[in-house]
Amino acid sequence: MESIRMPYTANRDRPRWWTELLVIAVVYTAYSSGRLLARGNTEDAIKHGLSLLRAEKFLHINVEHPLNRLFTHTPAIGIPADFAYASLHYVVTPAILIWLFRRRPAQYRMARTWLMVSTLLGLIGFTLTPTCPPRLLAPAEGFVDTMAQYSSYGWWGDDASAPRGMGGMTNQFAAMPSLHVGWALWCGIMLWRHGRTPLARILGVLYPLTITFVVLGTANHYLLDAIAGVAVMGVGLLLARPVVRLADRIRARLSSRTTGGPSPIVGTGCKTSPGERFPGQRTSSATSSSAGDTADDGTPTAAR
């Protein structure tokens with residue numbers, strides 16, 4: 001017999017939107033609070049930043065200096081790059097999440113888990129290795145803070161992308177790994193895998209490359225920060241499926257405790273012997289009468 005396939009129903013596969021908002025809010029609050037708590041020591045952060053810079057010079061991959069000079073001397077590039085750094089990180093990523101939730105519900109949960117696990121891994125990196133970004137190194141290192149240079153054009157001040165007067169609410173030393181690059185890579189992969197138009201795939205390639213170009217040119221990250229951001233996303237991808245399975249097990253266990261476990265069900269093929277009744281079973285008077293009134297020859301009275 002040919003098997004029957006259940007039709008796809010978006011409502012069945014899509015998680016509840018209010019629970020998703022709660023989960024995302026909790027994770028983002030933990031992430032933001034962790035960034036503030038993991039500010040680290042300024043001296044250690046500078047040492048880590050200089051170590052990365054020396055390693056890049058040794059490997060001849062120090063691309064931050066030429067890009068920073070380009071952004072500094074070319075306002076037509078530097079100003080849009082500052083706007084991109086200060087806004088796209090917080091606009092494109094939520095937009096991709098909402099798009100997946102509405103249009104790709106079957107893939108949403110795994111994609112969301114991947115993003116959140118990677119974000120929490122990045123928080124561990126901020127805590128263990130507070131790193132001074134290139135823009136905060138001594139002027140002798142040759143970097144210019146383009147966010148400060150072009151601050152009159154935007155809403156930010158001298159404290160990275162934080163709005164003026166809110167610099168104390170951000171962690172200036174949360175540079176390693178670069179989650180700007182990590183989140184952009186996640187967005188690009190989502191567009192490439194789940195977009196159905198050539199434009200979506202083109203944007204999926206251009207967006208992470210553009211963000212990497214921006215964070216290096218604005219002197220907010222080292223190239224090694226960007227590479228670390230990619231590595232964190234890779235580890236997050238490997239952990240996403242086990243995390244989803246663990247969440248399913250916990251949910252099933254809590255559900256069984258709430259309902260008190262499965263109730264016994266009598267099978268449809270269960271039969272009773274003649275005259276046997278289940279406890280508490282009632283019989284109608286008509287039935288009892290027809291069953292009890294018989295003729296002398298053993299035939300029911302109604303049949304006579």
# chains A, B, ... in the order shown; residues from 1 in each chain; ligands from 1

call {"tool": "select_by_dssp", "arguments": {"residues": "stretch 59-255 of chain A", "states": "alpha helix (DSSP H)", "output": "PyMOL selection string"}}
result
chain A and resi 59+64-73+75-103+105-128+146-149+179-194+198-217+223-255

call {"tool": "residues_around", "arguments": {"residues": "A:Phe213", "least_positions_apart": "4", "cutoff": "8 Å", "atoms": "only C-alpha atoms", "output": "count of residues only"}}
result
3

call {"tool": "residues_around", "arguments": {"residues": "A:Ala81", "least_positions_apart": "6", "cutoff": "12 Å", "atoms": "only C-alpha atoms", "output": "PyMOL selection string"}}
result
chain A and resi 67-68+70-72+74-75+87-88+146-147+150+153-154+161+210-220

call {"tool": "write_last_selection", "arguments": {"atoms": "C-alpha atoms", "output": "compact mmCIF listing (two decimals), in the first residue's frame"}}
result
# COMPACT_ATOMS: atom_id res chain seq x y z
CA LEU A 67 42.38 50.18 4.39
CA ASN A 68 42.30 52.62 7.29
CA LEU A 70 41.83 54.75 2.41
CA PHE A 71 38.86 55.39 4.68
CA THR A 72 40.59 58.30 6.41
CA THR A 74 38.38 59.35 1.25
CA PRO A 75 35.24 60.60 3.02
CA SER A 87 23.68 50.27 11.90
CA LEU A 88 23.69 47.19 9.64
CA THR A 146 37.16 57.07 11.51
CA MET A 147 34.09 56.93 13.75
CA TYR A 150 33.34 61.55 10.91
CA TYR A 153 27.86 63.13 10.24
CA GLY A 154 26.23 60.50 12.41
CA SER A 161 28.98 53.01 17.32
CA THR A 210 31.42 44.26 2.80
CA ILE A 211 31.19 44.05 6.59
CA THR A 212 34.70 42.60 6.79
CA PHE A 213 35.96 45.45 4.59
CA VAL A 214 34.16 47.95 6.84
CA VAL A 215 35.36 46.69 10.22
CA LEU A 216 38.98 46.63 9.04
CA GLY A 217 38.91 50.02 7.33
CA THR A 218 37.26 51.78 10.26
CA ALA A 219 39.99 50.33 12.55
CA ASN A 220 37.43 48.56 14.74

call {"tool": "closest_atom_pairs", "arguments": {"of": "stretch 172-259 of chain A", "to": "stretch 103-116 of chain A", "cutoff": "9 Å", "atoms": "only C-alpha atoms", "output": "CSV"}}
result
residue,atom,partner,partner_atom,distance
A:Gly182,CA,A:Leu115,CA,8.9
A:Trp183,CA,A:Leu115,CA,7.4
A:Trp186,CA,A:Leu115,CA,7.1
A:Met190,CA,A:Ala111,CA,8.0
A:His194,CA,A:Arg104,CA,7.6
A:Met233,CA,A:Leu115,CA,7.6
A:Gly236,CA,A:Trp114,CA,5.5
A:Leu237,CA,A:Trp114,CA,5.3
A:Leu238,CA,A:Trp114,CA,8.3
A:Leu239,CA,A:Trp114,CA,7.5
A:Ala240,CA,A:Trp114,CA,4.9
A:Arg241,CA,A:Met110,CA,7.0
A:Val243,CA,A:Thr113,CA,7.6
A:Val244,CA,A:Met110,CA,7.2

call {"tool": "residues_around", "arguments": {"residues": "stretch 43-53 of chain A", "least_positions_apart": "6", "cutoff": "9 Å", "atoms": "only C-alpha atoms", "output": "list in words"}}
result
Asn62, Thr129, Pro130, Thr131, Cys132, Pro133, Pro134, Leu136, Leu137, Phe173, Ala175, Tyr222, Leu223, Leu224 and Asp225 of chain A

call {"tool": "closest_residue", "arguments": {"among": "A:Gly188, A:Pro198, A:Ile227, A:Trp155", "to": "A:Ala86", "atoms": "only C-alpha atoms"}}
result
A:Trp155

call {"tool": "decode", "arguments": {"residues": "stretch 208-229 of chain A", "atoms": "C-alpha atoms", "output": "PDB file, in the first residue's frame"}}
result
ATOM      1  CA  PRO A 208      29.824  39.451   4.740  1.00  0.00           C
ATOM      2  CA  LEU A 209      32.624  40.657   2.456  1.00  0.00           C
ATOM      3  CA  THR A 210      31.421  44.258   2.799  1.00  0.00           C
ATOM      4  CA  ILE A 211      31.188  44.047   6.588  1.00  0.00           C
ATOM      5  CA  THR A 212      34.698  42.596   6.787  1.00  0.00           C
ATOM      6  CA  PHE A 213      35.964  45.449   4.591  1.00  0.00           C
ATOM      7  CA  VAL A 214      34.157  47.955   6.844  1.00  0.00           C
ATOM      8  CA  VAL A 215      35.363  46.687  10.220  1.00  0.00           C
ATOM      9  CA  LEU A 216      38.976  46.632   9.039  1.00  0.00           C
ATOM     10  CA  GLY A 217      38.906  50.016   7.331  1.00  0.00           C
ATOM     11  CA  THR A 218      37.257  51.776  10.262  1.00  0.00           C
ATOM     12  CA  ALA A 219      39.985  50.328  12.546  1.00  0.00           C
ATOM     13  CA  ASN A 220      37.435  48.565  14.741  1.00  0.00           C
ATOM     14  CA  HIS A 221      38.917  45.092  14.221  1.00  0.00           C
ATOM     15  CA  TYR A 222      42.065  43.275  13.212  1.00  0.00           C
ATOM     16  CA  LEU A 223      42.055  40.730  10.424  1.00  0.00           C
ATOM     17  CA  LEU A 224      42.635  38.034  13.034  1.00  0.00           C
ATOM     18  CA  ASP A 225      39.468  39.226  14.805  1.00  0.00           C
ATOM     19  CA  ALA A 226      37.554  38.627  11.594  1.00  0.00           C
ATOM     20  CA  ILE A 227      39.082  35.166  11.176  1.00  0.00           C
ATOM     21  CA  ALA A 228      38.184  34.368  14.788  1.00  0.00           C
ATOM     22  CA  GLY A 229      34.614  35.482  14.096  1.00  0.00           C
TER      23      GLY A 229
END
